[in-house]
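Okay, structure_4.txt is below, compact mmCIF, C-alpha atoms and all ligand atoms:
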```txt
# COMPACT_ATOMS: atom_id res chain seq x y z
CA MET A 1 11.92 6.83 8.17
CA LYS A 2 10.88 4.16 5.68
CA VAL A 3 12.93 1.07 4.80
CA GLY A 4 12.55 -0.61 1.43
CA ILE A 5 13.72 -3.71 -0.39
CA VAL A 6 15.83 -2.63 -3.36
CA GLY A 7 17.26 -5.91 -4.61
CA VAL A 8 16.43 -9.60 -4.36
CA GLY A 9 18.08 -12.86 -5.36
CA CYS A 10 17.24 -16.53 -5.04
CA SER A 11 19.17 -19.65 -5.98
CA LYS A 12 17.64 -22.67 -7.64
CA PHE A 13 16.19 -24.84 -4.83
CA GLY A 14 16.75 -28.61 -4.74
CA ALA A 15 19.58 -31.06 -4.06
CA ARG A 16 22.57 -28.90 -4.98
CA ASP A 17 26.10 -30.13 -5.59
CA CYS A 18 28.01 -27.08 -4.33
CA THR A 19 29.28 -25.57 -1.09
CA LEU A 20 27.21 -23.47 1.30
CA GLN A 21 29.07 -20.31 0.31
CA GLU A 22 28.71 -20.97 -3.43
CA LEU A 23 24.99 -21.41 -2.90
CA ALA A 24 24.80 -18.13 -0.96
CA PHE A 25 26.73 -16.31 -3.69
CA GLU A 26 24.19 -17.46 -6.30
CA ALA A 27 21.52 -15.47 -4.45
CA VAL A 28 23.76 -12.58 -3.37
CA SER A 29 25.12 -11.90 -6.87
CA GLU A 30 21.57 -11.82 -8.27
CA ALA A 31 20.45 -9.41 -5.52
CA LEU A 32 23.41 -7.04 -6.07
CA LYS A 33 22.76 -7.02 -9.82
CA ASP A 34 19.05 -6.48 -9.21
CA ALA A 35 19.76 -3.42 -7.03
CA ASP A 36 22.60 -2.25 -9.30
CA LEU A 37 24.90 -2.11 -6.26
CA ALA A 38 28.36 -3.47 -5.47
CA GLN A 39 29.68 -5.12 -2.29
CA GLU A 40 31.24 -1.84 -1.13
CA ASP A 41 27.80 -0.17 -1.09
CA ILE A 42 26.61 -2.57 1.64
CA ASP A 43 27.10 -1.42 5.25
CA ILE A 44 26.02 -4.58 7.11
CA SER A 45 25.54 -8.22 6.12
CA VAL A 46 23.30 -10.48 8.21
CA VAL A 47 23.61 -14.21 7.55
CA GLY A 48 20.72 -16.45 8.48
CA CYS A 49 21.51 -20.16 8.67
CA VAL A 50 19.99 -22.87 10.84
CA GLY A 51 22.97 -25.01 9.93
CA THR A 52 22.11 -28.20 11.79
CA ARG A 53 22.32 -30.37 8.66
CA SER A 54 25.57 -29.09 7.21
CA TYR A 55 29.25 -29.47 8.04
CA GLU A 56 29.94 -25.72 8.10
CA LEU A 57 29.42 -24.91 11.77
CA MET A 58 30.24 -21.18 11.57
CA PRO A 59 28.53 -20.37 8.29
CA ALA A 60 28.40 -16.58 8.53
CA VAL A 61 32.16 -16.19 8.31
CA VAL A 62 32.64 -18.34 5.21
CA VAL A 63 29.54 -16.93 3.51
CA ASN A 64 30.59 -13.35 4.15
CA GLU A 65 34.15 -13.98 2.97
CA TYR A 66 33.05 -15.73 -0.23
CA CYS A 67 30.40 -13.11 -1.00
CA GLY A 68 32.76 -10.18 -0.44
CA PHE A 69 31.32 -8.98 2.87
CA SER A 70 34.25 -9.71 5.21
CA GLY A 71 34.35 -6.94 7.79
CA LYS A 72 30.68 -6.11 7.20
CA GLY A 73 29.15 -9.19 8.79
CA PRO A 74 28.88 -8.85 12.53
CA LEU A 75 26.30 -11.54 13.18
CA ARG A 76 24.53 -14.75 12.24
CA VAL A 77 20.86 -15.17 13.16
CA GLU A 78 18.78 -18.27 13.81
CA ALA A 79 15.04 -18.65 14.37
CA ALA A 80 14.45 -22.19 13.07
CA CYS A 81 12.45 -22.17 9.80
CA ALA A 82 11.75 -18.44 10.31
CA THR A 83 15.46 -17.59 10.23
CA GLY A 84 15.15 -15.72 6.92
CA SER A 85 12.55 -13.35 8.35
CA ALA A 86 14.67 -12.82 11.46
CA ALA A 87 17.61 -11.89 9.18
CA VAL A 88 15.47 -9.36 7.31
CA TYR A 89 14.32 -7.98 10.66
CA SER A 90 17.94 -7.59 11.84
CA ALA A 91 18.88 -5.76 8.62
CA PHE A 92 15.74 -3.60 8.92
CA SER A 93 16.55 -2.79 12.57
CA SER A 94 20.12 -1.75 11.81
CA ILE A 95 18.82 0.73 9.22
CA LYS A 96 16.10 1.98 11.57
CA ALA A 97 18.72 2.44 14.30
CA GLY A 98 20.82 4.57 11.96
CA ILE A 99 23.75 2.12 12.04
CA ALA A 100 23.44 1.30 8.33
CA GLU A 101 21.96 2.90 5.22
CA ILE A 102 22.08 -0.27 3.12
CA ALA A 103 22.04 -3.79 4.56
CA ILE A 104 21.84 -7.27 3.07
CA ALA A 105 20.00 -10.24 4.59
CA ILE A 106 21.17 -13.63 3.37
CA GLY A 107 19.44 -16.94 4.08
CA VAL A 108 21.28 -20.12 3.18
CA GLU A 109 20.85 -23.79 3.98
CA LYS A 110 22.48 -27.03 2.85
CA MET A 111 20.12 -29.75 4.05
CA THR A 112 21.10 -32.65 1.82
CA GLU A 113 24.49 -33.23 3.45
CA VAL A 114 22.77 -35.70 5.80
CA ASP A 115 20.28 -38.49 5.01
CA THR A 116 16.53 -38.26 5.63
CA ALA A 117 16.60 -40.23 8.90
CA THR A 118 19.28 -37.94 10.35
CA SER A 119 17.43 -34.87 9.15
CA ALA A 120 14.18 -36.14 10.70
CA ALA A 121 15.93 -36.79 14.02
CA ILE A 122 17.45 -33.30 14.03
CA GLY A 123 14.10 -31.71 13.10
CA GLY A 124 12.40 -33.61 15.90
CA ARG A 125 14.68 -31.87 18.40
CA ALA A 126 13.46 -28.44 17.28
CA GLY A 127 10.93 -28.21 20.10
CA ASN A 128 11.81 -29.12 23.66
CA TYR A 129 14.44 -31.85 23.31
CA LEU A 130 14.08 -33.35 26.79
CA TRP A 131 10.30 -33.44 27.05
CA GLU A 132 9.53 -34.27 23.44
CA HIS A 133 12.22 -35.87 21.29
CA HIS A 134 14.07 -37.69 24.06
CA PHE A 135 10.95 -39.38 25.48
CA TYR A 136 8.59 -39.54 22.48
CA GLY A 137 10.87 -39.57 19.43
CA THR A 138 9.12 -36.62 17.81
CA THR A 139 9.80 -35.64 14.17
CA PHE A 140 8.53 -32.65 12.23
CA PRO A 141 5.99 -34.57 10.15
CA ALA A 142 4.74 -36.04 13.46
CA TYR A 143 4.29 -32.60 15.03
CA TYR A 144 2.23 -31.37 12.08
CA ALA A 145 0.32 -34.66 11.94
CA MET A 146 -0.91 -33.78 15.45
CA HIS A 147 -2.13 -30.44 14.09
CA ALA A 148 -3.81 -32.23 11.18
CA THR A 149 -5.64 -34.83 13.29
CA ALA A 150 -6.78 -32.12 15.75
CA HIS A 151 -8.11 -30.00 12.85
CA MET A 152 -9.83 -33.02 11.28
CA ALA A 153 -11.44 -34.00 14.60
CA LYS A 154 -12.65 -30.51 15.51
CA PHE A 155 -13.66 -29.10 12.11
CA GLY A 156 -14.09 -32.10 9.82
CA THR A 157 -11.18 -31.03 7.63
CA THR A 158 -10.46 -33.80 5.12
CA GLU A 159 -7.36 -35.42 3.65
CA LYS A 160 -8.68 -34.36 0.24
CA GLN A 161 -8.76 -30.70 1.29
CA MET A 162 -5.14 -31.00 2.44
CA ALA A 163 -4.28 -32.71 -0.85
CA LEU A 164 -5.67 -29.69 -2.74
CA VAL A 165 -3.00 -27.50 -1.10
CA ALA A 166 -0.30 -29.80 -2.53
CA VAL A 167 -1.91 -29.89 -5.97
CA LYS A 168 -2.02 -26.06 -6.11
CA ALA A 169 1.59 -25.81 -4.89
CA HIS A 170 2.90 -28.25 -7.50
CA ARG A 171 0.85 -26.59 -10.28
CA ASN A 172 2.45 -23.22 -9.46
CA ALA A 173 5.94 -24.62 -8.93
CA ALA A 174 5.76 -26.29 -12.35
CA LYS A 175 5.97 -22.75 -13.78
CA ASN A 176 8.78 -21.67 -11.46
CA PRO A 177 12.30 -22.44 -12.78
CA LYS A 178 13.78 -21.99 -9.27
CA ALA A 179 11.48 -24.62 -7.72
CA HIS A 180 12.72 -27.92 -6.28
CA PHE A 181 9.83 -29.78 -7.94
CA GLN A 182 8.54 -28.68 -11.35
CA LYS A 183 5.98 -31.39 -11.82
CA GLU A 184 2.19 -31.22 -11.52
CA ILE A 185 0.43 -33.83 -9.37
CA SER A 186 -3.21 -34.89 -8.98
CA VAL A 187 -5.38 -35.28 -5.87
CA GLU A 188 -5.35 -39.04 -6.45
CA GLU A 189 -1.54 -39.08 -6.48
CA VAL A 190 -1.41 -37.17 -3.18
CA LEU A 191 -3.98 -39.42 -1.51
CA GLY A 192 -2.25 -42.53 -2.86
CA SER A 193 1.28 -41.50 -1.88
CA ARG A 194 3.02 -43.31 0.97
CA VAL A 195 2.08 -42.36 4.51
CA ILE A 196 4.84 -40.46 6.33
CA THR A 197 2.94 -39.84 9.60
CA TYR A 198 -0.82 -40.30 9.45
CA PRO A 199 -2.64 -38.40 8.02
CA LEU A 200 0.30 -36.75 6.25
CA LYS A 201 1.56 -38.47 3.14
CA LEU A 202 4.64 -37.84 1.00
CA TYR A 203 2.96 -35.09 -1.01
CA ASP A 204 1.65 -33.35 2.13
CA CYS A 205 5.25 -32.65 3.18
CA SER A 206 7.71 -30.00 2.08
CA PRO A 207 10.94 -31.57 0.81
CA ILE A 208 14.47 -31.50 2.16
CA SER A 209 16.04 -28.80 -0.02
CA ASP A 210 19.27 -26.87 -0.43
CA GLY A 211 18.89 -23.21 -1.30
CA ALA A 212 19.79 -19.58 -0.68
CA SER A 213 18.10 -16.22 -0.96
CA ALA A 214 19.12 -12.60 -0.39
CA ALA A 215 17.38 -9.26 0.06
CA ILE A 216 19.02 -5.83 0.05
CA LEU A 217 17.33 -3.25 2.29
CA ALA A 218 17.87 0.50 2.11
CA SER A 219 16.81 3.61 3.98
CA GLU A 220 14.55 6.09 2.22
CA LYS A 221 17.56 8.40 1.98
CA ALA A 222 19.71 5.76 0.27
CA VAL A 223 16.85 4.85 -2.09
CA LYS A 224 16.69 8.49 -3.23
CA GLU A 225 20.47 8.95 -3.45
CA HIS A 226 20.95 5.82 -5.59
CA GLY A 227 17.71 6.35 -7.57
CA MET A 228 16.59 2.83 -6.64
CA ASP A 229 13.17 1.22 -7.03
CA ALA A 230 11.88 0.10 -3.62
CA VAL A 231 9.21 -2.20 -2.28
CA TRP A 232 8.53 -0.73 1.17
CA ILE A 233 8.24 -2.67 4.41
CA GLU A 234 4.99 -1.21 5.76
CA SER A 235 4.92 -3.15 9.00
CA ILE A 236 6.36 -6.15 10.81
CA GLY A 237 4.61 -8.39 13.30
CA PHE A 238 6.31 -11.07 15.36
CA SER A 239 5.61 -13.45 18.18
CA SER A 240 6.84 -16.67 19.73
CA ASP A 241 5.43 -19.53 21.79
CA THR A 242 6.37 -22.24 24.27
CA SER A 243 9.04 -24.77 23.32
CA ASN A 244 6.86 -27.61 24.55
CA MET A 245 3.74 -28.48 22.52
CA THR A 246 1.89 -29.68 25.63
CA MET A 247 1.93 -26.11 26.97
CA ARG A 248 -0.05 -24.82 23.95
CA GLU A 249 -3.69 -23.68 24.18
CA SER A 250 -4.72 -25.84 21.20
CA PHE A 251 -3.35 -27.72 18.17
CA VAL A 252 -5.82 -26.35 15.60
CA GLY A 253 -3.81 -23.20 14.95
CA LEU A 254 -0.65 -21.34 15.87
CA ARG A 255 -1.06 -18.64 18.50
CA ALA A 256 2.26 -17.06 17.45
CA SER A 257 0.98 -16.63 13.87
CA ARG A 258 -2.25 -15.06 15.10
CA LEU A 259 -0.42 -12.58 17.34
CA ALA A 260 2.18 -11.72 14.68
CA ALA A 261 -0.62 -11.07 12.17
CA GLU A 262 -2.51 -8.85 14.61
CA MET A 263 0.64 -6.80 15.20
CA ALA A 264 1.43 -6.49 11.47
CA TYR A 265 -2.16 -5.54 10.55
CA LYS A 266 -2.21 -2.92 13.30
CA GLY A 267 1.09 -1.44 12.09
CA ALA A 268 -0.14 -1.24 8.49
CA LYS A 269 -3.65 -0.10 9.55
CA ILE A 270 -5.26 -3.13 7.91
CA ILE A 271 -8.70 -4.11 9.19
CA ASP A 272 -9.74 -6.51 6.44
CA PRO A 273 -6.80 -8.34 4.80
CA LEU A 274 -8.98 -9.63 1.95
CA ASN A 275 -9.74 -6.07 0.87
CA SER A 276 -6.29 -4.63 1.52
CA LEU A 277 -3.81 -7.19 0.13
CA ASP A 278 -3.42 -8.63 -3.37
CA PHE A 279 -1.80 -11.96 -2.38
CA ALA A 280 0.13 -13.71 0.38
CA THR A 281 3.00 -16.13 0.84
CA VAL A 282 2.43 -18.38 3.84
CA HIS A 283 4.39 -21.04 5.67
CA ASP A 284 3.13 -24.33 4.18
CA CYS A 285 5.79 -26.72 5.50
CA PHE A 286 2.96 -29.28 5.51
CA THR A 287 -0.40 -28.93 3.76
CA ILE A 288 -2.25 -28.57 7.08
CA ALA A 289 0.04 -25.62 7.91
CA GLU A 290 -1.31 -23.66 4.92
CA ILE A 291 -4.92 -24.41 5.94
CA MET A 292 -4.22 -23.22 9.50
CA ALA A 293 -2.46 -20.13 8.12
CA TYR A 294 -5.59 -19.05 6.14
CA GLU A 295 -7.41 -19.03 9.49
CA ASP A 296 -4.68 -17.60 11.73
CA LEU A 297 -4.06 -14.75 9.28
CA GLY A 298 -7.76 -13.91 9.08
CA PHE A 299 -8.41 -14.90 5.45
CA CYS A 300 -11.33 -17.01 6.71
CA LYS A 301 -12.89 -18.02 10.03
CA LYS A 302 -11.25 -20.66 12.26
CA GLY A 303 -12.22 -24.09 10.98
CA LYS A 304 -13.05 -22.88 7.47
CA GLY A 305 -9.56 -23.27 5.96
CA GLY A 306 -10.50 -26.54 4.25
CA GLU A 307 -13.43 -24.86 2.51
CA PHE A 308 -11.22 -21.89 1.56
CA ILE A 309 -8.92 -24.09 -0.54
CA GLU A 310 -11.81 -26.22 -1.84
CA LYS A 311 -13.57 -23.14 -3.22
CA GLY A 312 -10.37 -21.99 -4.95
CA GLU A 313 -10.14 -18.85 -2.81
CA SER A 314 -6.36 -19.23 -2.39
CA ASP A 315 -5.75 -19.79 -6.11
CA PHE A 316 -5.23 -17.23 -8.87
CA GLY A 317 -8.45 -15.21 -9.15
CA GLY A 318 -9.58 -16.19 -5.63
CA LYS A 319 -10.13 -13.92 -2.63
CA MET A 320 -6.45 -14.25 -1.60
CA PRO A 321 -4.00 -16.00 -3.94
CA VAL A 322 -1.54 -17.86 -1.70
CA ASN A 323 1.90 -19.26 -2.52
CA THR A 324 1.75 -18.49 -6.22
CA PHE A 325 5.43 -19.50 -6.52
CA GLY A 326 4.81 -23.08 -5.36
CA GLY A 327 5.19 -22.64 -1.62
CA LEU A 328 7.54 -24.50 0.66
CA LYS A 329 5.67 -27.62 -0.39
CA ALA A 330 6.87 -27.61 -4.00
CA LYS A 331 9.32 -24.74 -4.46
CA GLY A 332 11.19 -26.22 -1.51
CA HIS A 333 12.07 -25.42 2.09
CA PRO A 334 15.77 -24.78 2.72
CA LEU A 335 15.03 -23.54 6.24
CA ALA A 336 16.88 -20.19 6.50
CA ALA A 337 16.39 -19.39 2.81
CA THR A 338 12.60 -19.71 3.02
CA GLY A 339 11.66 -16.38 4.66
CA ILE A 340 13.80 -14.34 2.26
CA ALA A 341 12.61 -16.40 -0.71
CA MET A 342 9.12 -15.19 0.28
CA VAL A 343 10.40 -11.60 0.09
CA TYR A 344 11.89 -12.42 -3.34
CA GLU A 345 8.51 -13.62 -4.54
CA ILE A 346 6.67 -10.60 -3.15
CA VAL A 347 9.08 -8.10 -4.70
CA LYS A 348 8.84 -9.83 -8.11
CA GLN A 349 5.03 -9.81 -7.92
CA LEU A 350 4.74 -6.18 -6.75
CA ARG A 351 7.10 -5.10 -9.55
CA GLU A 352 4.98 -7.13 -11.99
CA GLU A 353 7.99 -9.24 -12.94
CA ALA A 354 6.50 -12.64 -12.02
CA GLY A 355 5.91 -13.73 -15.62
CA ARG A 356 3.58 -16.72 -15.93
CA LEU A 357 2.89 -16.59 -12.18
CA GLN A 358 1.90 -12.89 -12.07
CA VAL A 359 -1.18 -12.05 -9.98
CA ASP A 360 -3.50 -9.14 -10.80
CA LEU A 361 -2.62 -6.19 -8.57
CA LYS A 362 -5.12 -3.72 -7.20
CA HIS A 363 -3.74 -2.62 -3.83
CA TYR A 364 -0.04 -3.19 -4.57
CA ARG A 365 0.30 -4.69 -1.10
CA ALA A 366 1.13 -8.23 0.02
CA LEU A 367 1.90 -10.29 3.11
CA SER A 368 4.56 -12.83 4.02
CA HIS A 369 4.09 -15.29 6.88
CA ASN A 370 7.04 -17.33 8.08
CA VAL A 371 6.91 -19.79 10.98
CA GLY A 372 9.83 -21.26 12.92
CA GLY A 373 9.37 -24.71 14.39
CA THR A 374 5.79 -25.57 15.30
CA GLY A 375 4.95 -21.93 15.90
CA HIS A 376 7.95 -21.37 18.17
CA PHE A 377 8.55 -18.20 16.13
CA ALA A 378 6.23 -16.37 13.73
CA TRP A 379 6.83 -13.37 11.52
CA VAL A 380 4.34 -11.46 9.39
CA PHE A 381 5.53 -8.70 7.06
CA ILE A 382 3.34 -6.31 5.07
CA PHE A 383 4.95 -4.93 1.91
CA GLY A 384 3.71 -2.18 -0.40
CA ARG A 385 4.78 -0.49 -3.62
C1 LIG B 401 8.69 -36.54 3.35
C2 LIG B 401 10.14 -36.98 3.46
C3 LIG B 401 10.32 -37.83 4.71
C4 LIG B 401 10.48 -37.83 2.20
O1 LIG B 401 11.85 -38.16 2.24
P1 LIG B 401 12.38 -39.57 1.66
O2 LIG B 401 11.49 -40.66 2.16
O3 LIG B 401 13.83 -39.67 1.99
O4 LIG B 401 12.16 -39.42 0.14
P2 LIG B 401 13.28 -39.65 -0.96
O5 LIG B 401 14.32 -38.59 -0.84
O6 LIG B 401 13.71 -41.09 -0.89
O7 LIG B 401 12.51 -39.38 -2.30
C5 LIG B 401 11.69 -40.34 -2.94
C6 LIG B 401 11.00 -39.66 -4.09
O8 LIG B 401 10.03 -38.72 -3.58
C7 LIG B 401 10.36 -37.39 -3.95
N1 LIG B 401 10.14 -36.56 -2.77
C8 LIG B 401 10.86 -36.54 -1.63
N2 LIG B 401 10.29 -35.69 -0.75
C9 LIG B 401 9.21 -35.18 -1.36
C10 LIG B 401 8.23 -34.26 -0.96
N3 LIG B 401 8.27 -33.70 0.24
N4 LIG B 401 7.24 -33.94 -1.83
C11 LIG B 401 7.20 -34.50 -3.05
N5 LIG B 401 8.11 -35.41 -3.49
C12 LIG B 401 9.10 -35.74 -2.64
C13 LIG B 401 11.81 -37.43 -4.38
O9 LIG B 401 12.09 -36.45 -5.35
C14 LIG B 401 11.92 -38.82 -4.95
O10 LIG B 401 11.37 -38.82 -6.25
P3 LIG B 401 12.00 -39.75 -7.42
O11 LIG B 401 11.85 -41.16 -6.92
O12 LIG B 401 11.16 -39.41 -8.60
O13 LIG B 401 13.43 -39.32 -7.53
C15 LIG B 401 11.09 -35.75 3.50
O14 LIG B 401 10.90 -34.99 2.34
C16 LIG B 401 10.84 -34.90 4.73
O15 LIG B 401 11.29 -35.22 5.83
N6 LIG B 401 10.15 -33.77 4.59
C17 LIG B 401 9.86 -32.86 5.70
C18 LIG B 401 10.98 -31.86 5.86
C19 LIG B 401 10.83 -31.09 7.13
O16 LIG B 401 10.43 -31.59 8.16
N7 LIG B 401 11.16 -29.81 7.07
C20 LIG B 401 11.02 -28.90 8.17
C21 LIG B 401 9.59 -28.45 8.24
S1 LIG B 401 9.30 -27.08 9.22
```

Written as structure tokens, that's how I'd like the structure from this file.
Amino acid sequence: MKVGIVGVGCSKFGARDCTLQELAFEAVSEALKDADLAQEDIDISVVGCVGTRSYELMPAVVVNEYCGFSGKGPLRVEAACATGSAAVYSAFSSIKAGIAEIAIAIGVEKMTEVDTATSAAIGGRAGNYLWEHHFYGTTFPAYYAMHATAHMAKFGTTEKQMALVAVKAHRNAAKNPKAHFQKEISVEEVLGSRVITYPLKLYDCSPISDGASAAILASEKAVKEHGMDAVWIESIGFSSDTSNMTMRESFVGLRASRLAAEMAYKGAKIIDPLNSLDFATVHDCFTIAEIMAYEDLGFCKKGKGGEFIEKGESDFGGKMPVNTFGGLKAKGHPLAATGIAMVYEIVKQLREEAGRLQVDLKHYRALSHNVGGTGHFAWVFIFGR
């Protein structure tokens, strides 16, 4: 039995002056309208929220009540920055299990309720608190800086190549009205921006954003009954890794991403992603993360990610356009909203509704890649229409 996405919604990302539930409703109302469904048509609501930066400690209850899903929301899910994908997976699983015909996955995050220093301290506890943050004062930019320096040392990847990821992201986000940043930047501006954690500078980092997204999933039967237009979930791959970075095999890639991709490709019978997919959305929380993703997802060989961006292969018209909506880097990264915002982007593209950001479609298939923590969780979805 197939499961499809029949409606998507996404709030404007950025610093938002509203409550968590109001933010969620912005995405939910758009998704319901998009699917031409009402609250009573939904069997199960899954709320994804990391929640560590906001005052609402039991977000699922208030979000469900405000969005009209009281009584339909039995759970909240959390998988760090991959929470949105975990919510979609939970909704997908409930349909596959025959518990629901139509389910909604909601991802919502209010990150600007605390200041940057507090947010950095919380983020730095996302690995193994005792062995990392407590003793070494880790932060998220610091974790990814370790990936960047390892990649630079082993493969000669340059700060300029990383800067190109940011330039592409900002160029695309400038055309995306939902993006946190809608301003183009140059390589010189990236390289000249203030150092956050060497070699990562301000423009190598995703911002601290508020945002929400929602996806409505339906069984094949419900799609037919309601006469809905579906983007099908062809396969799902997932993996996870150790909490402690020192237990990892290497810092030049994410094993969880590689394993999740292998599983998703196997499920969708994909041997060569470049000749099977039209585009991809990948987890670029820092510019080095996008370069590692090209490699871990098999778009190029390990170590060649820097060249991949330099040759324009991840831009419009390249071998695999990546993050055409501006990525986490410039559209924004409200943790739990990110994975479902990727689904939003993919559905818009596959329906050819992406306007100025539309990619040319040949296969009508695309991939989303969502990472939680420093590869603590990884999800890869293959969608087709
Ligand atoms: C990089 C970071 C530390 C900057 O925060 P900050 O020093 O408090 O920056 P401010 O909020 O003071 O912003 C200063 C300016 O830079 C801009 N800015 C902030 N973060 C930015 C970013 N990541 N990219 C581009 N511009 C950014 C602001 O809009 C502001 O511009 P303005 O002066 O024109 O208004 C913060 O964005 C960060 O921690 N990012 C990483 C988030 C993270 O770890 N997420 C989880 C990843 S998995």

- Message: I need the residue nearest Leu274 in chain A from this list: A:Glu188, A:Asp17, A:Glu313, A:Glu290. Use all atoms listed in the file for the distance.
- Response: A:Glu313

- Message: To check your reading of the model: which residues sit at most 6 Å from ligand LIG 401 (chain B) when counting only C-alpha atoms and all ligand atoms? Write the answer as number ranges by chain.
- Response: A: 81, 116, 120, 140-141, 202-203, 205-208, 285, 373

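Closest approach to Lys201 in chain A among A:Thr287, A:Thr138, A:Thr324, A:Thr118: A:Thr287, based on all atoms listed in the file.
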
- Using only C-alpha atoms, find the one residue out of A:Ile5, A:Ala60, A:Leu164, A:Tyr198 that sits nearest to Ile185 in chain A. A:Leu164

- For range 331-335 of chain A, work out the shell of residues within 8 Å, counting all atoms listed in the file and skipping chain neighbours fewer than 5 positions away, then give it as a PyMOL selection string. chain A and resi 13-14+49-50+80-84+108-111+169-170+173+176+178-182+206-212+285+325-326

- Task: Would you work out the distance separating CA of Gly227 in chain A from CA of Val46 in chain A, expressed in Å to one decimal?
- Result: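 It comes out at 23.7 Å.
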
Can you build me a table of range 81-111 of chain A residues sitting at most 12 Å from range 67-70 of chain A, with the closest atom pair per residue and its distance in Å to one decimal, using all atoms listed in the file, sorted by chain and residue number, as a Markdown table?
```
| residue | atom | partner | partner_atom | distance |
| --- | --- | --- | --- | --- |
| A:Ala103 | CA | A:Phe69 | CA | 10.8 |
| A:Ile104 | CA | A:Phe69 | CA | 9.6 |
| A:Ala105 | CA | A:Phe69 | CA | 11.5 |
| A:Ile106 | CA | A:Cys67 | CA | 10.2 |
```

- Message: Rounded to one decimal, what separation in Å do you get between CA of Ile44 in chain A and CA of Gly73 in chain A?
- Response: 5.8 Å

- Message: For a quick check of understanding, using all atoms listed in the file, which of A:Ser90, A:Thr139, A:Ser219, A:Thr112 has the smallest distance to Gly124 in chain A?
- Response: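 That would be A:Thr139, the residue with the smallest distance to Gly124 in chain A.
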
- Message: Would you pick out the contacts of His147 in chain A at 9 Å or less, using all atoms listed in the file, so that residues sharing its chain but fewer than 2 positions from it are not included, and give the list as a VMD selection string?
- Response: chain A and resid 142 to 145 149 to 152 250 to 253 288 to 289 292

- Closest to Phe383 in chain A among A:Tyr136, A:Phe25, A:Phe238, A:Tyr364, using only C-alpha atoms?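 Using only C-alpha atoms, Phe383 in chain A sits closest to A:Tyr364.
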
- Item | Among the residues A:Gly137, A:Gly372, A:Leu217, A:Val165, the one that comes closest to Ser45 in chain A [using all atoms listed in the file] |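 Among the listed residues, the smallest separation from Ser45 in chain A belongs to A:Leu217.
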
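Across the model, the gap from CA of Glu307 in chain A to CA of Arg248 in chain A is 25.3 Å.
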
- So which residues touch Ala218 in chain A within 7 Å, counting all atoms listed in the file, skipping near sequence neighbours fewer than 2 positions away, as a ChimeraX atom specification? /A:3-6,101-103,216,220,222-223

Write the residues you've just listed into a file as a compact mmCIF listing (two decimals), keeping the file's coordinate frame, and include C-alpha atoms for each of them.
```txt
# COMPACT_ATOMS: atom_id res chain seq x y z
CA VAL A 3 12.93 1.07 4.80
CA GLY A 4 12.55 -0.61 1.43
CA ILE A 5 13.72 -3.71 -0.39
CA VAL A 6 15.83 -2.63 -3.36
CA GLU A 101 21.96 2.90 5.22
CA ILE A 102 22.08 -0.27 3.12
CA ALA A 103 22.04 -3.79 4.56
CA ILE A 216 19.02 -5.83 0.05
CA GLU A 220 14.55 6.09 2.22
CA ALA A 222 19.71 5.76 0.27
CA VAL A 223 16.85 4.85 -2.09
```

- Message: Give me the residues near Val28 in chain A as a PyMOL selection string, where near means some atom within 9 Å (using only C-alpha atoms) and where sequence neighbours in that chain fewer than 2 positions away do not count.
- Response: chain A and resi 8-11+23-26+30-33+67+104+106+212-216
